[in-house]
Amino acid sequence: MTKNLIFLLIVLLSSSAFAKSPCADIRGKQSYPPLNITGGAVCFVQEAISDDKTGAPSGLDGISLYYISNGNVPVKANGRGLLYDETPGEIVDAFSMNVGRDHREEIFVIHSMDVRDSLVEPNSSGKFYSVSVFYPSGNTLLRDDHASDWFGADYSWLSDGKRVIYKFPYQSKKDVQQAIESPFALFMIDNGNIPVRVKSKSYLFEEPNVRSETKKYLIVGDQAAVEQITAGWCQVNYLGGTRPIKMWLMCSALDVEAQAKK
């Protein structure tokens with residue numbers, strides 16, 4: 001009985017170890033385990049990047065997404081792929097969620113890469129993060145540019161030489177889930193405006209980055225409307241001064257008006 005049990009365990013372990021991955025037939029290194037979604041499987045493959053104009057190999061590698069729909073042949077995702085530099089970087093996490101009013105299944109890919117020393121921003125982590133969003137359509141994946149731009153990309157942190165003044169807000173699955181549940185998530189789907197109130201004195205920026213800081217600022221209680229969002233930055237339209245102001249500040253400095261009144 002004992003010998004039979006040992007033999008059965010060996011067979012089960014062997015069959016599990018040699019079970020074929022749905023992505024095994026795609027040429028290239030598997031950069032992340034296959035992601036099973038409702039209609040099939042998503043594969044993450046490291047492969048050579050070709051020059052957009054000439055089609056010749058660039059000498060660099062990137063990570064591409066492939067979709068295997070209901071056992072069909074793998075199809076490379078449409079749209080811009082994941083960021084790359086001297087290396088293809090790595091996928092921190094990849095998962096699917098049903099989002100929006102129609103509960104469409106979307107694939108979220110959190111990616112990071114080390115920026116080469118000659119290009120790295122001073123007083124930064126040197127590690128660049130991004131969140132890319134895709135959704136299945138027929139037998140392929142399409143990049144959701146609107147949602148991807150909403151999450152954006154930036155260094156994991158930036159400092160002024162003394163303290164951290166910015167952190168990329170979506171570095172984990174939990175961060176992404178919380179963002180999708182926030183009132184600002186409306187901008188992932190469509191444009192518009194959301195009334196907000198300033199929580200603390202906040203300097204304004206010409207662009208959504210710390211290098212474009214100005215001497216202008218809003219104070220506690222100032223009311224404005226958010227019109228655009230990327231990488232944790234909110235573009236606000238402020239009408240409370242002598243002239244309208246349309247500039248950027250960090251979304252963490254704002255309360256949505258409905259919440260501010262609670």
# chains A, B, ... in the order shown; residues from 1 in each chain; ligands from 1
>>> select_by_dssp(residues="segment 179-208 of chain A", states="helix (DSSP H, G or I)", output="PyMOL selection string")
chain A and resi 179-180+183-188
>>> closest_atom_pairs(of="segment 119-175 of chain A", to="segment 209-223 of chain A", cutoff="9 Å", atoms="only C-alpha atoms", output="CSV")
residue,atom,partner,partner_atom,distance
A:Asp154,CA,A:Asn209,CA,8.7
A:Leu158,CA,A:Val210,CA,8.1
A:Ile165,CA,A:Val210,CA,8.0
A:Tyr166,CA,A:Val210,CA,7.5
>>> closest_atom_pairs(of="segment 130-171 of chain A", to="segment 224-248 of chain A", cutoff="12 Å", atoms="only C-alpha atoms", output="JSON lines")
{"residue": "A:Ser130", "atom": "CA", "partner": "A:Ala231", "partner_atom": "CA", "distance": 8.4}
{"residue": "A:Val131", "atom": "CA", "partner": "A:Ala231", "partner_atom": "CA", "distance": 9.1}
{"residue": "A:Ser132", "atom": "CA", "partner": "A:Ala231", "partner_atom": "CA", "distance": 11.6}
{"residue": "A:Asp145", "atom": "CA", "partner": "A:Thr230", "partner_atom": "CA", "distance": 11.8}
{"residue": "A:His146", "atom": "CA", "partner": "A:Thr230", "partner_atom": "CA", "distance": 9.9}
{"residue": "A:Ala147", "atom": "CA", "partner": "A:Thr230", "partner_atom": "CA", "distance": 9.3}
{"residue": "A:Ser148", "atom": "CA", "partner": "A:Thr230", "partner_atom": "CA", "distance": 8.8}
{"residue": "A:Asp149", "atom": "CA", "partner": "A:Thr230", "partner_atom": "CA", "distance": 6.0}
{"residue": "A:Trp150", "atom": "CA", "partner": "A:Thr230", "partner_atom": "CA", "distance": 4.4}
{"residue": "A:Phe151", "atom": "CA", "partner": "A:Ala231", "partner_atom": "CA", "distance": 4.9}
{"residue": "A:Gly152", "atom": "CA", "partner": "A:Ala231", "partner_atom": "CA", "distance": 4.4}
{"residue": "A:Ala153", "atom": "CA", "partner": "A:Ala231", "partner_atom": "CA", "distance": 5.8}
{"residue": "A:Asp154", "atom": "CA", "partner": "A:Ala231", "partner_atom": "CA", "distance": 7.0}
{"residue": "A:Tyr155", "atom": "CA", "partner": "A:Ala231", "partner_atom": "CA", "distance": 10.0}
{"residue": "A:Ser156", "atom": "CA", "partner": "A:Ala231", "partner_atom": "CA", "distance": 10.6}
{"residue": "A:Trp157", "atom": "CA", "partner": "A:Ala231", "partner_atom": "CA", "distance": 11.8}
{"residue": "A:Tyr166", "atom": "CA", "partner": "A:Gly232", "partner_atom": "CA", "distance": 9.3}
{"residue": "A:Lys167", "atom": "CA", "partner": "A:Gly232", "partner_atom": "CA", "distance": 8.6}
{"residue": "A:Phe168", "atom": "CA", "partner": "A:Ala231", "partner_atom": "CA", "distance": 6.5}
{"residue": "A:Pro169", "atom": "CA", "partner": "A:Gly232", "partner_atom": "CA", "distance": 6.1}
{"residue": "A:Tyr170", "atom": "CA", "partner": "A:Ala231", "partner_atom": "CA", "distance": 7.9}
{"residue": "A:Gln171", "atom": "CA", "partner": "A:Ala231", "partner_atom": "CA", "distance": 10.8}
>>> write_last_selection(atoms="C-alpha atoms", output="PDB file, in the first residue's frame")
ATOM      1  CA  SER A 130       4.166  52.496 -15.286  1.00  0.00           C
ATOM      2  CA  VAL A 131       0.721  50.911 -15.432  1.00  0.00           C
ATOM      3  CA  SER A 132      -0.583  49.741 -18.823  1.00  0.00           C
ATOM      4  CA  ASP A 145      -4.760  54.348 -24.097  1.00  0.00           C
ATOM      5  CA  HIS A 146      -7.143  56.498 -22.070  1.00  0.00           C
ATOM      6  CA  ALA A 147      -6.879  54.343 -18.940  1.00  0.00           C
ATOM      7  CA  SER A 148      -3.124  53.788 -19.412  1.00  0.00           C
ATOM      8  CA  ASP A 149      -2.519  57.547 -19.637  1.00  0.00           C
ATOM      9  CA  TRP A 150      -4.662  58.018 -16.516  1.00  0.00           C
ATOM     10  CA  PHE A 151      -2.280  55.802 -14.526  1.00  0.00           C
ATOM     11  CA  GLY A 152       0.723  57.240 -16.354  1.00  0.00           C
ATOM     12  CA  ALA A 153       4.408  56.625 -15.597  1.00  0.00           C
ATOM     13  CA  ASP A 154       7.169  58.174 -13.489  1.00  0.00           C
ATOM     14  CA  TYR A 155      10.014  57.428 -11.104  1.00  0.00           C
ATOM     15  CA  SER A 156       9.001  55.434  -8.041  1.00  0.00           C
ATOM     16  CA  TRP A 157      10.084  58.481  -6.045  1.00  0.00           C
ATOM     17  CA  TYR A 166       6.753  62.705  -5.131  1.00  0.00           C
ATOM     18  CA  LYS A 167       5.917  59.008  -5.245  1.00  0.00           C
ATOM     19  CA  PHE A 168       4.407  57.203  -8.203  1.00  0.00           C
ATOM     20  CA  PRO A 169       1.087  56.212  -6.607  1.00  0.00           C
ATOM     21  CA  TYR A 170       0.434  52.872  -8.366  1.00  0.00           C
ATOM     22  CA  GLN A 171       3.282  50.514  -7.450  1.00  0.00           C
TER      23      GLN A 171
END
>>> select_by_dssp(residues="segment 2-250 of chain A", states="strand (DSSP E or B)", output="ChimeraX atom specification")
/A:29-37,40-50,57-69,75-76,78,90-99,104-114,124,127-137,140-143,153-155,157-159,164-167,194-198,202-205,213-218,223-230,233-238,245-250
>>> closest_residue(among="A:Asp85, A:Asn72, A:Pro34, A:Ala24", to="Ile49 of chain A", atoms="only C-alpha atoms")
A:Asp85
>>> residues_around(residues="segment 102-113 of chain A", least_positions_apart="3", cutoff="10 Å", atoms="only C-alpha atoms", output="VMD selection string")
chain A and resid 35 37 to 39 42 63 65 82 to 99 116 126 to 136 141 to 144 147 to 148 151 153 to 156 170 to 173 176
>>> closest_residue(among="A:Glu207, A:Val196, A:Asn123, A:Phe44", to="Leu254 of chain A", atoms="only C-alpha atoms")
A:Val196
>>> atom_distance(atom1="atom CA of Arg163 of chain A", atom2="atom CA of Lys199 of chain A")
20.7 Å
>>> closest_residue(among="A:Ser118, A:Ser124, A:Thr140, A:Ser159", to="Cys43 of chain A", atoms="only C-alpha atoms")
A:Thr140
>>> atom_distance(atom1="atom CA of Ile189 of chain A", atom2="atom CA of Gln177 of chain A")
15.3 Å
>>> atom_distance(atom1="atom CA of Arg101 of chain A", atom2="atom CA of Met188 of chain A")
11.7 Å
>>> closest_residue(among="A:Asp190, A:Glu121, A:Glu181, A:Asp25", to="Asp160 of chain A", atoms="only C-alpha atoms")
A:Glu121
